[in-house]
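> Okay, so here is protein.csv, and as you'll see once you scroll down, it has CSV, C-alpha atoms.
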```
chain,number,residue,atom,x,y,z
A,206,MET,CA,-26.4,-39.6,-24.0
A,207,SER,CA,-26.6,-40.2,-20.3
A,208,GLY,CA,-29.8,-39.6,-18.3
A,209,THR,CA,-28.6,-36.4,-16.6
A,210,ALA,CA,-27.6,-34.8,-19.9
A,211,PHE,CA,-31.0,-35.8,-21.4
A,212,LEU,CA,-32.7,-34.3,-18.4
A,213,ASN,CA,-30.8,-31.0,-18.8
A,214,LEU,CA,-31.7,-30.8,-22.5
A,215,THR,CA,-35.4,-31.4,-21.8
A,216,VAL,CA,-35.4,-28.8,-19.0
A,217,THR,CA,-34.1,-26.2,-21.5
A,218,ILE,CA,-36.5,-27.2,-24.2
A,219,SER,CA,-39.5,-27.2,-21.8
A,220,LEU,CA,-38.6,-23.8,-20.6
A,221,GLY,CA,-38.7,-22.6,-24.2
A,222,ILE,CA,-42.1,-24.3,-24.8
A,223,LEU,CA,-43.6,-22.9,-21.6
A,224,SER,CA,-42.4,-19.4,-22.5
A,225,LEU,CA,-44.1,-19.7,-25.9
A,226,ALA,CA,-47.3,-20.8,-24.2
A,227,PHE,CA,-47.0,-17.9,-21.8
A,228,VAL,CA,-46.8,-15.4,-24.7
A,229,LEU,CA,-49.8,-16.9,-26.5
A,230,THR,CA,-51.9,-16.7,-23.3
A,231,ILE,CA,-50.9,-13.1,-22.8
A,232,VAL,CA,-52.0,-12.3,-26.3
A,233,ARG,CA,-55.4,-13.8,-25.5
A,234,ILE,CA,-55.6,-11.8,-22.3
A,235,LEU,CA,-54.8,-8.5,-24.1
A,236,ARG,CA,-57.1,-9.2,-27.0
A,237,GLY,CA,-59.9,-11.2,-25.2
A,238,PRO,CA,-63.2,-9.5,-26.0
A,239,THR,CA,-65.0,-10.2,-22.8
A,240,LEU,CA,-64.1,-10.2,-19.1
A,241,PRO,CA,-64.5,-14.0,-18.6
A,242,ASP,CA,-62.0,-14.6,-21.4
A,243,ARG,CA,-59.4,-12.6,-19.5
A,244,ILE,CA,-60.2,-14.4,-16.3
A,245,LEU,CA,-59.7,-17.7,-18.1
A,246,GLY,CA,-56.4,-16.4,-19.5
A,247,LEU,CA,-55.3,-15.5,-15.9
A,248,ASP,CA,-56.2,-19.0,-14.7
A,249,MET,CA,-54.2,-20.5,-17.6
A,250,LEU,CA,-51.2,-18.2,-16.6
A,251,VAL,CA,-51.3,-19.6,-13.1
A,252,SER,CA,-51.3,-23.1,-14.5
A,253,ILE,CA,-48.3,-22.4,-16.8
A,254,GLY,CA,-46.6,-20.7,-13.8
A,255,ILE,CA,-46.9,-24.0,-11.8
A,256,GLY,CA,-45.3,-25.8,-14.8
A,257,TYR,CA,-42.4,-23.2,-14.8
A,258,ILE,CA,-41.8,-23.6,-11.0
A,259,CYS,CA,-41.7,-27.4,-11.4
A,260,VAL,CA,-39.2,-27.2,-14.2
A,261,ILE,CA,-37.0,-24.8,-12.2
A,262,ALA,CA,-37.2,-27.1,-9.2
A,263,ILE,CA,-35.9,-30.0,-11.3
A,264,LYS,CA,-33.2,-27.7,-12.9
A,265,THR,CA,-31.8,-26.6,-9.6
A,266,SER,CA,-32.8,-29.8,-7.7
A,267,PHE,CA,-34.1,-27.6,-4.9
A,268,PHE,CA,-37.4,-29.3,-4.1
A,269,LEU,CA,-38.8,-26.7,-1.7
A,270,TYR,CA,-40.1,-25.0,-4.9
A,271,LEU,CA,-42.8,-27.6,-4.8
A,272,ASP,CA,-44.5,-25.9,-1.9
A,273,VAL,CA,-44.5,-22.7,-3.8
A,274,ALA,CA,-46.2,-24.4,-6.7
A,275,ILE,CA,-48.9,-25.9,-4.5
A,276,SER,CA,-49.7,-22.6,-2.8
A,277,LEU,CA,-49.7,-20.8,-6.2
A,278,GLY,CA,-52.3,-23.3,-7.3
A,279,LEU,CA,-54.4,-22.6,-4.2
A,280,VAL,CA,-54.1,-18.8,-4.8
A,281,GLY,CA,-55.1,-19.2,-8.4
A,282,PHE,CA,-58.1,-21.3,-7.6
A,283,LEU,CA,-59.3,-18.8,-5.0
A,284,ALA,CA,-58.8,-15.9,-7.5
A,285,THR,CA,-60.8,-17.7,-10.2
A,286,VAL,CA,-63.6,-18.4,-7.7
A,287,ALA,CA,-63.7,-14.7,-6.6
A,288,PHE,CA,-63.6,-13.5,-10.2
A,289,ALA,CA,-66.5,-15.8,-11.1
A,290,ARG,CA,-68.5,-14.4,-8.2
A,291,TYR,CA,-67.7,-10.9,-9.4
A,292,VAL,CA,-68.8,-11.7,-13.0
A,293,LEU,CA,-72.1,-13.1,-11.6
A,294,HIS,CA,-72.8,-10.0,-9.5
A,295,ARG,CA,-71.7,-7.5,-12.1
A,296,GLY,CA,-73.8,-8.7,-14.9
A,297,ALA,CA,-72.9,-8.5,-18.6
A,298,GLN,CA,-71.8,-5.1,-19.7
A,299,ALA,CA,-73.5,-3.7,-22.8
A,300,SER,CA,-70.2,-2.0,-23.7
A,301,GLU,CA,-68.2,-5.2,-23.7
A,302,GLY,CA,-65.7,-5.3,-26.5
A,303,SER,CA,-65.3,-1.6,-26.9
A,304,SER,CA,-64.0,-0.6,-23.5
A,305,ASP,CA,-64.3,-2.0,-20.0
A,306,LEU,CA,-63.8,1.3,-18.3
A,307,GLU,CA,-66.8,2.9,-19.9
A,308,GLU,CA,-69.8,2.6,-17.5
A,309,LYS,CA,-73.1,2.1,-19.1
A,310,PRO,CA,-76.4,1.5,-17.3
A,311,ASN,CA,-77.1,-2.2,-17.1
A,312,GLY,CA,-80.2,-3.6,-18.6
B,130,MET,CA,-28.9,-47.3,-13.1
B,131,VAL,CA,-32.2,-46.5,-11.5
B,132,GLU,CA,-31.3,-42.8,-11.4
B,133,GLN,CA,-30.5,-42.9,-15.1
B,134,ILE,CA,-33.9,-44.4,-16.0
B,135,ALA,CA,-35.7,-42.0,-13.6
B,136,ALA,CA,-33.9,-39.1,-15.3
B,137,TYR,CA,-35.0,-40.2,-18.8
B,138,LEU,CA,-38.6,-40.7,-17.6
B,139,ALA,CA,-38.7,-37.3,-15.9
B,140,GLY,CA,-37.3,-35.7,-19.1
B,141,ILE,CA,-40.0,-37.3,-21.2
B,142,LEU,CA,-42.7,-36.3,-18.6
B,143,LEU,CA,-41.4,-32.7,-18.6
B,144,LEU,CA,-41.5,-32.5,-22.4
B,145,VAL,CA,-45.0,-33.9,-22.6
B,146,GLY,CA,-46.3,-31.6,-19.9
B,147,ALA,CA,-44.8,-28.5,-21.5
B,148,LEU,CA,-46.4,-29.6,-24.9
B,149,PHE,CA,-49.8,-30.0,-23.2
B,150,SER,CA,-49.4,-26.5,-21.8
B,151,LEU,CA,-48.6,-25.1,-25.2
B,152,LEU,CA,-51.6,-27.0,-26.7
B,153,ALA,CA,-53.8,-25.4,-24.1
B,154,ALA,CA,-52.4,-21.9,-24.9
B,155,ILE,CA,-53.0,-22.5,-28.6
B,156,GLY,CA,-56.5,-23.6,-27.9
B,157,ILE,CA,-57.2,-20.5,-25.8
B,158,LEU,CA,-55.9,-18.4,-28.7
B,159,ARG,CA,-57.6,-20.1,-31.6
B,160,LEU,CA,-61.0,-21.4,-30.4
B,161,PRO,CA,-64.1,-19.2,-31.2
B,162,ASP,CA,-65.8,-18.5,-27.9
B,163,LEU,CA,-65.4,-18.6,-24.1
B,164,TYR,CA,-66.8,-22.0,-23.6
B,165,THR,CA,-64.7,-23.8,-26.2
B,166,ARG,CA,-61.6,-21.9,-24.9
B,167,MET,CA,-62.5,-23.2,-21.4
B,168,HIS,CA,-62.6,-26.7,-22.7
B,169,ALA,CA,-59.1,-26.3,-24.0
B,170,ALA,CA,-57.7,-24.5,-20.9
B,171,SER,CA,-59.1,-26.6,-18.1
B,172,LYS,CA,-58.3,-30.0,-19.5
B,173,ALA,CA,-55.0,-29.6,-21.3
B,174,GLY,CA,-53.8,-27.0,-18.8
B,175,THR,CA,-54.4,-29.3,-15.8
B,176,MET,CA,-52.7,-32.1,-17.7
B,177,GLY,CA,-49.6,-30.0,-18.4
B,178,SER,CA,-49.0,-28.8,-14.9
B,179,GLY,CA,-49.9,-32.2,-13.4
B,180,LEU,CA,-47.4,-34.0,-15.6
B,181,THR,CA,-44.6,-31.6,-14.6
B,182,LEU,CA,-45.5,-32.3,-10.9
B,183,ILE,CA,-45.3,-36.0,-11.6
B,184,ALA,CA,-41.9,-35.4,-13.2
B,185,ILE,CA,-40.7,-34.0,-9.9
B,186,ALA,CA,-42.0,-37.0,-8.1
B,187,VAL,CA,-40.1,-39.3,-10.4
B,188,VAL,CA,-36.8,-37.5,-10.2
B,189,ALA,CA,-36.7,-36.9,-6.5
B,190,PHE,CA,-35.7,-40.0,-4.4
B,191,ASP,CA,-37.3,-38.6,-1.2
B,192,GLY,CA,-40.6,-39.8,0.3
B,193,ALA,CA,-41.7,-36.4,1.5
B,194,VAL,CA,-41.1,-34.7,-1.9
B,195,ILE,CA,-42.9,-37.6,-3.7
B,196,LEU,CA,-45.9,-37.3,-1.4
B,197,ARG,CA,-46.1,-33.6,-1.7
B,198,ALA,CA,-45.9,-33.8,-5.5
B,199,LEU,CA,-48.7,-36.4,-5.6
B,200,VAL,CA,-50.8,-34.3,-3.2
B,201,GLY,CA,-50.3,-31.3,-5.5
B,202,VAL,CA,-51.6,-33.4,-8.5
B,203,VAL,CA,-54.7,-34.5,-6.6
B,204,PHE,CA,-55.3,-30.9,-5.5
B,205,LEU,CA,-55.0,-29.7,-9.1
B,206,LEU,CA,-57.4,-32.4,-10.3
B,207,LEU,CA,-59.9,-31.4,-7.6
B,208,THR,CA,-59.8,-27.6,-8.0
B,209,SER,CA,-59.5,-27.1,-11.8
B,210,PRO,CA,-62.9,-28.5,-12.8
B,211,VAL,CA,-64.6,-26.7,-10.0
B,212,SER,CA,-63.2,-23.3,-11.0
B,213,ALA,CA,-63.9,-23.9,-14.7
B,214,HIS,CA,-67.5,-24.9,-14.0
B,215,LEU,CA,-68.0,-22.0,-11.7
B,216,LEU,CA,-66.7,-19.5,-14.3
B,217,SER,CA,-68.6,-20.9,-17.2
B,218,ARG,CA,-71.8,-21.1,-15.2
B,219,ALA,CA,-71.4,-17.4,-14.1
B,220,ALA,CA,-70.6,-16.3,-17.6
B,221,TYR,CA,-73.6,-18.1,-19.1
B,222,MET,CA,-76.1,-17.0,-16.4
B,223,VAL,CA,-75.0,-13.4,-16.9
B,224,GLY,CA,-75.7,-13.6,-20.6
B,225,TYR,CA,-72.5,-14.2,-22.5
B,226,SER,CA,-73.8,-16.4,-25.3
B,227,PRO,CA,-72.0,-19.2,-26.9
B,228,SER,CA,-71.2,-18.7,-30.6
B,229,GLY,CA,-73.3,-20.5,-33.2
B,230,GLY,CA,-73.3,-24.2,-33.7
B,231,MET,CA,-74.5,-25.3,-30.3
B,232,LYS,CA,-77.1,-28.0,-30.7
B,233,ILE,CA,-78.1,-29.0,-27.2
B,234,ASN,CA,-78.6,-26.4,-24.4
B,235,ASP,CA,-79.8,-27.9,-21.1
B,236,LEU,CA,-79.4,-24.6,-19.3
B,237,LYS,CA,-81.7,-22.7,-21.5
B,238,ASN,CA,-84.6,-22.6,-19.0
B,239,TYR,CA,-82.4,-21.5,-16.1
B,240,ARG,CA,-81.1,-18.3,-17.5
B,241,GLU,CA,-82.2,-15.1,-15.7
B,242,ASP,CA,-83.2,-13.0,-18.6
```
Just give me the structure as structure tokens.


Amino acid sequence: MSGTAFLNLTVTISLGILSLAFVLTIVRILRGPTLPDRILGLDMLVSIGIGYICVIAIKTSFFLYLDVAISLGLVGFLATVAFARYVLHRGAQASEGSSDLEEKPNG
Amino acid sequence: MVEQIAAYLAGILLLVGALFSLLAAIGILRLPDLYTRMHAASKAGTMGSGLTLIAIAVVAFDGAVILRALVGVVFLLLTSPVSAHLLSRAAYMVGYSPSGGMKINDLKNYRED
């Protein structure tokens, strides 16, 4: 098997594996009992998205996708920092686990 | 010849990176509480996307692309621990407790409540 054929095969397999990882992370986001779990899942989604973009860049050999991956990483980092600040200011919700929409007096 | 070797190397890097991402996703799904999940996601997840970026650097024979890919890896290695630490600290300070089995807790005296 030549190198190019091997690379094409591994690109296809990696896309499949990354899709599986994506689905598993989405299951955690939907199920995740607390807000920080969901934020962690979103962070993981960004990381898997960077992997996707890199695989697509190799598949199409259009390397401008690399800039998209780097800026996606920057946006994901800023989003996680902002969500962490939000968690710190919001405080833990007593109703966590049943429903996030239900507002209960804190403390 | 060099291109063939680079293609094989990039393929292996892609596979290993994708498997690390899958490992991180399984860890997020299976581990018991937020802090252990974060342990899986921040380390294995960074490893997965970093390895795929290195695969681009291997397969592209262009100085600018290689430099940008390596800068991306460094950026990822700098930001991922910061965001994970910030999120876990915020969650702990606000009162999301770890599940049982934690033996040492150095942050016990700093909690607000």

> Write out as a PyMOL selection string the residues lying within 12 Å of Ser276 in chain A, counting only C-alpha atoms and excluding same-chain residues fewer than 2 positions away.

(chain A and resi 251-252+254-255+258+269-274+278-283) or (chain B and resi 197+200-201+204-205)

> What's the 12 Å shell around Thr230 in chain A, counting only C-alpha atoms, without same-chain residues fewer than 5 positions away, as an mmCIF file with C-alpha atoms, in the coordinates of the input?


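Below is the file that was written, part03.cif:
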```cif
data_model
loop_
_atom_site.group_PDB
_atom_site.id
_atom_site.type_symbol
_atom_site.label_atom_id
_atom_site.label_comp_id
_atom_site.auth_asym_id
_atom_site.auth_seq_id
_atom_site.Cartn_x
_atom_site.Cartn_y
_atom_site.Cartn_z
ATOM 1 C CA LEU A 223 -43.600 -22.900 -21.600
ATOM 2 C CA SER A 224 -42.400 -19.400 -22.500
ATOM 3 C CA LEU A 225 -44.100 -19.700 -25.900
ATOM 4 C CA LEU A 235 -54.800 -8.500 -24.100
ATOM 5 C CA ARG A 236 -57.100 -9.200 -27.000
ATOM 6 C CA GLY A 237 -59.900 -11.200 -25.200
ATOM 7 C CA ASP A 242 -62.000 -14.600 -21.400
ATOM 8 C CA ARG A 243 -59.400 -12.600 -19.500
ATOM 9 C CA ILE A 244 -60.200 -14.400 -16.300
ATOM 10 C CA LEU A 245 -59.700 -17.700 -18.100
ATOM 11 C CA GLY A 246 -56.400 -16.400 -19.500
ATOM 12 C CA LEU A 247 -55.300 -15.500 -15.900
ATOM 13 C CA ASP A 248 -56.200 -19.000 -14.700
ATOM 14 C CA MET A 249 -54.200 -20.500 -17.600
ATOM 15 C CA LEU A 250 -51.200 -18.200 -16.600
ATOM 16 C CA VAL A 251 -51.300 -19.600 -13.100
ATOM 17 C CA SER A 252 -51.300 -23.100 -14.500
ATOM 18 C CA ILE A 253 -48.300 -22.400 -16.800
ATOM 19 C CA GLY A 254 -46.600 -20.700 -13.800
ATOM 20 C CA SER B 150 -49.400 -26.500 -21.800
ATOM 21 C CA LEU B 151 -48.600 -25.100 -25.200
ATOM 22 C CA LEU B 152 -51.600 -27.000 -26.700
ATOM 23 C CA ALA B 153 -53.800 -25.400 -24.100
ATOM 24 C CA ALA B 154 -52.400 -21.900 -24.900
ATOM 25 C CA ILE B 155 -53.000 -22.500 -28.600
ATOM 26 C CA GLY B 156 -56.500 -23.600 -27.900
ATOM 27 C CA ILE B 157 -57.200 -20.500 -25.800
ATOM 28 C CA LEU B 158 -55.900 -18.400 -28.700
ATOM 29 C CA ARG B 159 -57.600 -20.100 -31.600
ATOM 30 C CA ARG B 166 -61.600 -21.900 -24.900
ATOM 31 C CA ALA B 170 -57.700 -24.500 -20.900
ATOM 32 C CA GLY B 174 -53.800 -27.000 -18.800
#
```

> For each of B:Val194, B:Leu142, B:Gly229, B:Arg218, take the minimum atom-to-atom distance to Gly177 in chain B, counting all atoms listed in the file, then give the residue where this is smallest.

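Closest residue, counting all atoms listed in the file: B:Leu142.
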
> Do you have, as CSV, the list of residues of chain A lying at most 8 Å from chain B, each with its nearest atom pair and that distance in Å to one decimal, counting all atoms listed in the file and ordered by chain then number?


```
residue,atom,partner,partner_atom,distance
A:Ser207,CA,B:Gln133,CA,7.0
A:Gly208,CA,B:Gln133,CA,4.6
A:Thr209,CA,B:Ala136,CA,6.1
A:Phe211,CA,B:Tyr137,CA,6.5
A:Leu212,CA,B:Gly140,CA,4.9
A:Thr215,CA,B:Gly140,CA,5.4
A:Val216,CA,B:Gly140,CA,7.2
A:Ile218,CA,B:Leu144,CA,7.5
A:Ser219,CA,B:Ala147,CA,5.5
A:Leu220,CA,B:Ala147,CA,7.8
A:Ile222,CA,B:Ala147,CA,6.0
A:Leu223,CA,B:Ala147,CA,5.7
A:Leu225,CA,B:Leu151,CA,7.1
A:Ala226,CA,B:Leu151,CA,4.6
A:Phe227,CA,B:Ala154,CA,7.4
A:Leu229,CA,B:Ala154,CA,5.9
A:Thr230,CA,B:Ala154,CA,5.5
A:Val232,CA,B:Leu158,CA,7.6
A:Arg233,CA,B:Leu158,CA,5.6
A:Pro241,CA,B:Ala220,CA,6.6
A:Asp242,CA,B:Leu163,CA,5.9
A:Leu245,CA,B:Met167,CA,7.0
A:Gly246,CA,B:Ile157,CA,7.6
A:Met249,CA,B:Ala170,CA,6.3
A:Ser252,CA,B:Ser178,CA,6.2
A:Ile253,CA,B:Ser150,CA,6.6
A:Ile255,CA,B:Ser178,CA,6.1
A:Gly256,CA,B:Ser178,CA,4.8
A:Cys259,CA,B:Thr181,CA,6.0
A:Val260,CA,B:Thr181,CA,7.0
A:Ala262,CA,B:Ile185,CA,7.8
A:Ile263,CA,B:Ile185,CA,6.4
A:Phe268,CA,B:Val194,CA,6.9
A:Leu271,CA,B:Ala198,CA,7.0
A:Asp272,CA,B:Arg197,CA,7.9
A:Ile275,CA,B:Gly201,CA,5.7
A:Gly278,CA,B:Leu205,CA,7.2
A:Phe282,CA,B:Ser212,CA,6.4
A:Thr285,CA,B:Ser212,CA,6.1
A:Val286,CA,B:Ser212,CA,5.9
A:Phe288,CA,B:Leu216,CA,7.9
A:Ala289,CA,B:Leu216,CA,4.9
A:Arg290,CA,B:Ala219,CA,7.2
A:Val292,CA,B:Ala219,CA,6.4
A:Leu293,CA,B:Ala219,CA,5.0
A:Gly296,CA,B:Val223,CA,5.2
A:Ala297,CA,B:Val223,CA,5.6
```

> Would you please work out which residue, of A:Tyr291, A:Asn213, A:Met206, A:Gly221, is nearest to Lys264 in chain A when using all atoms listed in the file?

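Under the stated criterion, the closest residue is A:Asn213.
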
> To one decimal place, how far is CA of Leu236 in chain B from CA of Leu206 in chain B in Å?

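About the pair CA of Leu236 in chain B and CA of Leu206 in chain B: they are 25.0 Å apart.
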